[in-house]
file structure.pdb (PDB, C-alpha atoms)
ATOM      1  CA  MET T  18       0.000   0.000   0.000  1.00  0.00           C
ATOM      2  CA  GLN T  19       1.408   3.351  -1.042  1.00  0.00           C
ATOM      3  CA  GLY T  20       1.087   6.440   1.146  1.00  0.00           C
ATOM      4  CA  ARG T  21       0.934  10.117   0.262  1.00  0.00           C
ATOM      5  CA  LEU T  22       4.682  10.760   0.564  1.00  0.00           C
ATOM      6  CA  SER T  23       5.552   7.624  -1.401  1.00  0.00           C
ATOM      7  CA  ALA T  24       3.238   8.745  -4.206  1.00  0.00           C
ATOM      8  CA  TRP T  25       4.888  12.184  -4.198  1.00  0.00           C
ATOM      9  CA  LEU T  26       8.384  10.616  -4.375  1.00  0.00           C
ATOM     10  CA  VAL T  27       7.295   8.385  -7.296  1.00  0.00           C
ATOM     11  CA  LYS T  28       5.815  11.408  -9.093  1.00  0.00           C
ATOM     12  CA  HIS T  29       9.195  13.156  -8.837  1.00  0.00           C
ATOM     13  CA  GLY T  30      11.235  10.097  -9.841  1.00  0.00           C
ATOM     14  CA  LEU T  31      12.875   9.524  -6.439  1.00  0.00           C
ATOM     15  CA  VAL T  32      13.854   5.906  -5.794  1.00  0.00           C
ATOM     16  CA  HIS T  33      12.499   4.309  -2.618  1.00  0.00           C
ATOM     17  CA  ARG T  34      10.478   1.324  -1.431  1.00  0.00           C
ATOM     18  CA  SER T  35       7.246   1.638   0.510  1.00  0.00           C
ATOM     19  CA  LEU T  36       7.158  -0.578   3.615  1.00  0.00           C
ATOM     20  CA  GLY T  37       3.549   0.237   4.449  1.00  0.00           C
ATOM     21  CA  PHE T  38       2.366   1.814   7.670  1.00  0.00           C
ATOM     22  CA  ASP T  39       3.127   1.209  11.347  1.00  0.00           C
ATOM     23  CA  TYR T  40       0.474   0.587  14.020  1.00  0.00           C
ATOM     24  CA  GLN T  41      -0.166   4.349  14.357  1.00  0.00           C
ATOM     25  CA  GLY T  42      -0.603   4.856  10.624  1.00  0.00           C
ATOM     26  CA  VAL T  43       2.826   6.421  10.066  1.00  0.00           C
ATOM     27  CA  GLU T  44       4.137   5.767   6.556  1.00  0.00           C
ATOM     28  CA  THR T  45       7.417   3.819   6.453  1.00  0.00           C
ATOM     29  CA  LEU T  46       9.840   4.053   3.528  1.00  0.00           C
ATOM     30  CA  GLN T  47      13.089   2.300   2.694  1.00  0.00           C
ATOM     31  CA  ILE T  48      15.796   4.444   1.121  1.00  0.00           C
ATOM     32  CA  LYS T  49      19.107   3.220  -0.297  1.00  0.00           C
ATOM     33  CA  SER T  50      22.169   4.447   1.559  1.00  0.00           C
ATOM     34  CA  GLU T  51      23.621   6.168  -1.505  1.00  0.00           C
ATOM     35  CA  ASP T  52      20.350   8.091  -2.065  1.00  0.00           C
ATOM     36  CA  TRP T  53      19.729   9.011   1.558  1.00  0.00           C
ATOM     37  CA  HIS T  54      21.477  12.384   1.747  1.00  0.00           C
ATOM     38  CA  SER T  55      19.798  13.855  -1.329  1.00  0.00           C
ATOM     39  CA  ILE T  56      16.372  12.518  -0.313  1.00  0.00           C
ATOM     40  CA  ALA T  57      16.887  13.887   3.221  1.00  0.00           C
ATOM     41  CA  VAL T  58      17.482  17.366   1.783  1.00  0.00           C
ATOM     42  CA  ILE T  59      14.397  17.001  -0.429  1.00  0.00           C
ATOM     43  CA  LEU T  60      12.277  15.907   2.570  1.00  0.00           C
ATOM     44  CA  TYR T  61      13.515  18.900   4.558  1.00  0.00           C
ATOM     45  CA  VAL T  62      12.581  21.273   1.735  1.00  0.00           C
ATOM     46  CA  TYR T  63       9.233  19.440   1.362  1.00  0.00           C
ATOM     47  CA  GLY T  64       8.492  20.409   4.969  1.00  0.00           C
ATOM     48  CA  TYR T  65       9.848  17.662   7.240  1.00  0.00           C
ATOM     49  CA  ASN T  66      11.656  20.184   9.413  1.00  0.00           C
ATOM     50  CA  TYR T  67      11.934  18.146  12.630  1.00  0.00           C
ATOM     51  CA  LEU T  68      13.957  14.973  13.234  1.00  0.00           C
ATOM     52  CA  ARG T  69      12.012  13.402  16.083  1.00  0.00           C
ATOM     53  CA  SER T  70      14.417  10.518  16.551  1.00  0.00           C
ATOM     54  CA  GLN T  71      17.107   8.418  14.948  1.00  0.00           C
ATOM     55  CA  CYS T  72      18.001   4.938  16.104  1.00  0.00           C
ATOM     56  CA  ALA T  73      19.564   1.794  14.699  1.00  0.00           C
ATOM     57  CA  TYR T  74      19.142  -1.945  15.125  1.00  0.00           C
ATOM     58  CA  ASP T  75      20.596  -5.248  14.012  1.00  0.00           C
ATOM     59  CA  VAL T  76      18.065  -6.880  11.684  1.00  0.00           C
ATOM     60  CA  ALA T  77      19.360 -10.449  12.091  1.00  0.00           C
ATOM     61  CA  PRO T  78      22.552 -12.177  13.243  1.00  0.00           C
ATOM     62  CA  GLY T  79      25.012 -11.883  10.368  1.00  0.00           C
ATOM     63  CA  GLY T  80      22.476  -9.864   8.355  1.00  0.00           C
ATOM     64  CA  LEU T  81      21.844  -6.214   7.664  1.00  0.00           C
ATOM     65  CA  LEU T  82      21.979  -3.251  10.033  1.00  0.00           C
ATOM     66  CA  ALA T  83      19.234  -0.614   9.908  1.00  0.00           C
ATOM     67  CA  SER T  84      19.285   3.088  10.665  1.00  0.00           C
ATOM     68  CA  VAL T  85      15.802   4.487  11.342  1.00  0.00           C
ATOM     69  CA  TYR T  86      14.741   8.126  11.117  1.00  0.00           C
ATOM     70  CA  HIS T  87      11.405   9.513  12.371  1.00  0.00           C
ATOM     71  CA  LEU T  88      10.657  12.831  10.677  1.00  0.00           C
ATOM     72  CA  THR T  89       7.840  15.253  11.449  1.00  0.00           C
ATOM     73  CA  ARG T  90       6.367  18.045   9.386  1.00  0.00           C
ATOM     74  CA  ILE T  91       5.517  20.889  11.750  1.00  0.00           C
ATOM     75  CA  GLU T  92       3.754  24.037  10.554  1.00  0.00           C
ATOM     76  CA  TYR T  93       2.063  26.894  12.348  1.00  0.00           C
ATOM     77  CA  GLY T  94      -1.619  26.193  12.932  1.00  0.00           C
ATOM     78  CA  MET T  95      -1.312  22.504  12.057  1.00  0.00           C
ATOM     79  CA  ASP T  96      -3.407  20.333  14.382  1.00  0.00           C
ATOM     80  CA  GLN T  97      -2.015  16.959  13.322  1.00  0.00           C
ATOM     81  CA  PRO T  98       1.681  17.018  12.290  1.00  0.00           C
ATOM     82  CA  GLU T  99       2.526  14.718   9.391  1.00  0.00           C
ATOM     83  CA  GLU T 100       5.089  12.013  10.197  1.00  0.00           C
ATOM     84  CA  VAL T 101       7.194   9.581   8.212  1.00  0.00           C
ATOM     85  CA  CYS T 102       9.596   6.798   9.168  1.00  0.00           C
ATOM     86  CA  ILE T 103      12.660   6.248   6.972  1.00  0.00           C
ATOM     87  CA  LYS T 104      14.713   3.049   7.128  1.00  0.00           C
ATOM     88  CA  VAL T 105      18.164   2.738   5.594  1.00  0.00           C
ATOM     89  CA  PHE T 106      19.592  -0.810   5.507  1.00  0.00           C
ATOM     90  CA  VAL T 107      23.339  -1.391   5.180  1.00  0.00           C
ATOM     91  CA  PRO T 108      25.547  -4.504   5.074  1.00  0.00           C
ATOM     92  CA  ARG T 109      27.319  -5.437   8.292  1.00  0.00           C
ATOM     93  CA  GLY T 110      30.684  -5.737   6.537  1.00  0.00           C
ATOM     94  CA  ASN T 111      30.869  -2.047   5.593  1.00  0.00           C
ATOM     95  CA  PRO T 112      27.981  -0.175   7.245  1.00  0.00           C
ATOM     96  CA  ARG T 113      28.206   3.361   5.831  1.00  0.00           C
ATOM     97  CA  ILE T 114      25.388   5.909   5.662  1.00  0.00           C
ATOM     98  CA  PRO T 115      25.621   9.610   4.813  1.00  0.00           C
ATOM     99  CA  SER T 116      25.175  11.702   7.957  1.00  0.00           C
ATOM    100  CA  ILE T 117      22.156  13.981   7.971  1.00  0.00           C
ATOM    101  CA  PHE T 118      23.699  16.180  10.683  1.00  0.00           C
ATOM    102  CA  TRP T 119      23.982  19.013   8.174  1.00  0.00           C
ATOM    103  CA  VAL T 120      20.225  18.771   7.443  1.00  0.00           C
ATOM    104  CA  TRP T 121      18.940  18.197  10.999  1.00  0.00           C
ATOM    105  CA  LYS T 122      21.430  19.179  13.734  1.00  0.00           C
ATOM    106  CA  SER T 123      19.552  17.003  16.253  1.00  0.00           C
ATOM    107  CA  ALA T 124      21.065  13.941  14.531  1.00  0.00           C
ATOM    108  CA  ASP T 125      24.414  14.667  16.215  1.00  0.00           C
ATOM    109  CA  PHE T 126      24.222  12.550  19.380  1.00  0.00           C
ATOM    110  CA  GLN T 127      21.763  10.071  17.904  1.00  0.00           C
ATOM    111  CA  GLU T 128      24.048   9.093  15.023  1.00  0.00           C
ATOM    112  CA  ARG T 129      26.982   8.930  17.424  1.00  0.00           C
ATOM    113  CA  GLU T 130      25.060   6.499  19.628  1.00  0.00           C
ATOM    114  CA  SER T 131      24.219   4.307  16.611  1.00  0.00           C
ATOM    115  CA  TYR T 132      27.894   4.339  15.658  1.00  0.00           C
ATOM    116  CA  ASP T 133      28.977   3.488  19.204  1.00  0.00           C
ATOM    117  CA  MET T 134      26.537   0.622  19.712  1.00  0.00           C
ATOM    118  CA  LEU T 135      26.312  -0.907  16.212  1.00  0.00           C
ATOM    119  CA  GLY T 136      29.334   0.380  14.296  1.00  0.00           C
ATOM    120  CA  ILE T 137      27.412   2.191  11.559  1.00  0.00           C
ATOM    121  CA  SER T 138      29.679   4.909  10.122  1.00  0.00           C
ATOM    122  CA  TYR T 139      27.914   8.150   9.270  1.00  0.00           C
ATOM    123  CA  ASP T 140      29.926   9.818   6.506  1.00  0.00           C
ATOM    124  CA  ASN T 141      30.642  13.550   6.947  1.00  0.00           C
ATOM    125  CA  HIS T 142      29.532  13.579  10.582  1.00  0.00           C
ATOM    126  CA  PRO T 143      31.650  16.277  12.299  1.00  0.00           C
ATOM    127  CA  ARG T 144      32.369  14.379  15.555  1.00  0.00           C
ATOM    128  CA  LEU T 145      31.778  10.682  14.921  1.00  0.00           C
ATOM    129  CA  LYS T 146      33.316   9.022  17.975  1.00  0.00           C
ATOM    130  CA  ARG T 147      32.155   6.874  20.846  1.00  0.00           C
ATOM    131  CA  ILE T 148      29.630   8.506  23.133  1.00  0.00           C
ATOM    132  CA  LEU T 149      28.610   5.760  25.610  1.00  0.00           C
ATOM    133  CA  MET T 150      31.467   3.282  25.595  1.00  0.00           C
ATOM    134  CA  PRO T 151      35.107   4.114  26.356  1.00  0.00           C
ATOM    135  CA  GLU T 152      37.300   4.780  23.302  1.00  0.00           C
ATOM    136  CA  SER T 153      39.267   1.602  24.116  1.00  0.00           C
ATOM    137  CA  TRP T 154      36.153  -0.628  23.841  1.00  0.00           C
ATOM    138  CA  ILE T 155      36.446  -3.358  21.214  1.00  0.00           C
ATOM    139  CA  GLY T 156      33.419  -4.168  19.082  1.00  0.00           C
ATOM    140  CA  TRP T 157      29.819  -3.067  18.820  1.00  0.00           C
ATOM    141  CA  PRO T 158      27.756  -4.164  21.862  1.00  0.00           C
ATOM    142  CA  LEU T 159      24.255  -4.119  20.292  1.00  0.00           C
ATOM    143  CA  ARG T 160      25.086  -6.368  17.363  1.00  0.00           C
ATOM    144  CA  LYS T 161      23.426  -9.747  17.728  1.00  0.00           C
ATOM    145  CA  ASP T 162      26.692 -11.550  16.978  1.00  0.00           C
ATOM    146  CA  TYR T 163      28.692  -9.563  19.562  1.00  0.00           C
ATOM    147  CA  ILE T 164      30.774 -11.546  22.048  1.00  0.00           C
ATOM    148  CA  VAL T 165      31.875  -9.733  25.190  1.00  0.00           C
ATOM    149  CA  PRO T 166      35.687  -9.829  25.429  1.00  0.00           C
ATOM    150  CA  ASN T 167      37.070 -11.667  28.474  1.00  0.00           C
ATOM    151  CA  PHE T 168      33.604 -12.627  29.725  1.00  0.00           C
ATOM    152  CA  TYR T 169      33.339 -15.871  31.618  1.00  0.00           C
ATOM    153  CA  GLU T 170      29.907 -17.008  32.675  1.00  0.00           C
ATOM    154  CA  ILE T 171      29.677 -18.093  36.268  1.00  0.00           C
ATOM    155  CA  GLN T 172      28.270 -21.585  36.352  1.00  0.00           C
ATOM    156  CA  ASP T 173      26.926 -23.401  39.377  1.00  0.00           C
ATOM    157  CA  ALA T 174      27.045 -20.220  41.440  1.00  0.00           C
ATOM    158  CA  TYR T 175      25.051 -21.749  44.239  1.00  0.00           C
TER     159      TYR T 175
END

call {"tool": "encode", "arguments": {"input": "structure.pdb", "output": "structure tokens"}}
result
Amino acid sequence: MQGRLSAWLVKHGLVHRSLGFDYQGVETLQIKSEDWHSIAVILYVYGYNYLRSQCAYDVAPGGLLASVYHLTRIEYGMDQPEEVCIKVFVPRGNPRIPSIFWVWKSADFQERESYDMLGISYDNHPRLKRILMPESWIGWPLRKDYIVPNFYEIQDAY
């Protein structure tokens, strides 16, 4: 099922994939990593002037990683702001996504957290470094295939 924004993107020849709607009726779109920066600028100009949140998750062990953006269109006098969810999937071997920091400044800490926890590199981010884990930490703790270094499970603790 195609939503209003998806129809607008098709009309203007912008490549994407509609993923339907979430439980609240928010349209969800998949954008290719290489197209994300230009489509982000277009969405900002179209009126999505607020980045409500950005997060990332590991789709499946050994599979893709996803970066998720929740955008809101806020205008004066608007009773019901329009929302959209954008998902960008990248391979675990080289997870690179263009940073949208220069479009929405609120992406700063959120993209850094996704980098720190899942190892997704956000190209052209001005301060992409660990934010939660120490700089010396090895690996990406929220990946499903992550093994904690030097962790020994206590067995028969009773």

call {"tool": "resolve_selection", "arguments": {"input": "structure.pdb", "expression": "the PyMOL selection byres ((chain T and resi 101) around 12)", "output": "ChimeraX atom specification"}}
result
/T:20-23,35-39,41-47,57,60-61,64-70,85-91,98-100,102-104

call {"tool": "atom_distance", "arguments": {"input": "structure.pdb", "atom1": "CA of Ser138 (chain T)", "atom2": "CA of Ile114 (chain T)"}}
result
6.3 Å

call {"tool": "resolve_selection", "arguments": {"input": "structure.pdb", "expression": "the PyMOL selection byres ((chain T and resi 133) around 8)", "output": "list in words"}}
result
Arg129, Glu130, Ser131, Tyr132, Met134, Leu135, Gly136, Ile137, Lys146, Arg147, Ile148, Leu149, Met150 and Trp157 of chain T

call {"tool": "resolve_selection", "arguments": {"input": "structure.pdb", "expression": "the PyMOL selection byres ((chain T and resi 142) around 8)", "output": "list in words"}}
result
Ser116, Ile117, Phe118, Asp125, Tyr139, Asp140, Asn141, Pro143, Arg144 and Leu145 of chain T

call {"tool": "write_last_selection", "arguments": {"input": "structure.pdb", "atoms": "C-alpha atoms", "output": "JSON list (two decimals), keeping the file's coordinate frame"}}
result
[["chain", "number", "residue", "atom", "x", "y", "z"],
["T", 116, "SER", "CA", 25.18, 11.70, 7.96],
["T", 117, "ILE", "CA", 22.16, 13.98, 7.97],
["T", 118, "PHE", "CA", 23.70, 16.18, 10.68],
["T", 125, "ASP", "CA", 24.41, 14.67, 16.22],
["T", 139, "TYR", "CA", 27.91, 8.15, 9.27],
["T", 140, "ASP", "CA", 29.93, 9.82, 6.51],
["T", 141, "ASN", "CA", 30.64, 13.55, 6.95],
["T", 143, "PRO", "CA", 31.65, 16.28, 12.30],
["T", 144, "ARG", "CA", 32.37, 14.38, 15.56],
["T", 145, "LEU", "CA", 31.78, 10.68, 14.92]]

call {"tool": "atom_distance", "arguments": {"input": "structure.pdb", "atom1": "CA of Gly94 (chain T)", "atom2": "CA of Val27 (chain T)"}}
result
28.4 Å

call {"tool": "closest_residue", "arguments": {"input": "structure.pdb", "among": "T:Glu152, T:Asn167, T:Asp96, T:Gln71", "to": "Trp121 (chain T)", "atoms": "only C-alpha atoms"}}
result
T:Gln71

call {"tool": "axis_aligned_box", "arguments": {"input": "structure.pdb", "around": "region 23-30 of chain T", "padding_each_side": "8 Å", "output": "AutoDock Vina command-line options"}}
result
--center_x 7.2 --center_y 10.4 --center_z -5.6 --size_x 24.0 --size_y 21.5 --size_z 24.4

call {"tool": "atom_distance", "arguments": {"input": "structure.pdb", "atom1": "CA of Cys72 (chain T)", "atom2": "CA of Ile56 (chain T)"}}
result
18.2 Å

call {"tool": "decode", "arguments": {"input": "structure.pdb", "residues": "region 136-174 of chain T", "atoms": "C-alpha atoms", "output": "short mmCIF file (atom, residue, chain, number, x, y, z; two decimals), in the first residue's frame"}}
result
data_model
loop_
_atom_site.label_atom_id
_atom_site.label_comp_id
_atom_site.auth_asym_id
_atom_site.auth_seq_id
_atom_site.Cartn_x
_atom_site.Cartn_y
_atom_site.Cartn_z
CA GLY T 136 29.33 0.38 14.30
CA ILE T 137 27.41 2.19 11.56
CA SER T 138 29.68 4.91 10.12
CA TYR T 139 27.91 8.15 9.27
CA ASP T 140 29.93 9.82 6.51
CA ASN T 141 30.64 13.55 6.95
CA HIS T 142 29.53 13.58 10.58
CA PRO T 143 31.65 16.28 12.30
CA ARG T 144 32.37 14.38 15.55
CA LEU T 145 31.78 10.68 14.92
CA LYS T 146 33.32 9.02 17.98
CA ARG T 147 32.15 6.87 20.85
CA ILE T 148 29.63 8.51 23.13
CA LEU T 149 28.61 5.76 25.61
CA MET T 150 31.47 3.28 25.60
CA PRO T 151 35.11 4.11 26.36
CA GLU T 152 37.30 4.78 23.30
CA SER T 153 39.27 1.60 24.12
CA TRP T 154 36.15 -0.63 23.84
CA ILE T 155 36.45 -3.36 21.21
CA GLY T 156 33.42 -4.17 19.08
CA TRP T 157 29.82 -3.07 18.82
CA PRO T 158 27.76 -4.16 21.86
CA LEU T 159 24.26 -4.12 20.29
CA ARG T 160 25.09 -6.37 17.36
CA LYS T 161 23.43 -9.75 17.73
CA ASP T 162 26.69 -11.55 16.98
CA TYR T 163 28.69 -9.56 19.56
CA ILE T 164 30.77 -11.55 22.05
CA VAL T 165 31.87 -9.73 25.19
CA PRO T 166 35.69 -9.83 25.43
CA ASN T 167 37.07 -11.67 28.47
CA PHE T 168 33.60 -12.63 29.72
CA TYR T 169 33.34 -15.87 31.62
CA GLU T 170 29.91 -17.01 32.67
CA ILE T 171 29.68 -18.09 36.27
CA GLN T 172 28.27 -21.58 36.35
CA ASP T 173 26.93 -23.40 39.38
CA ALA T 174 27.04 -20.22 41.44
#
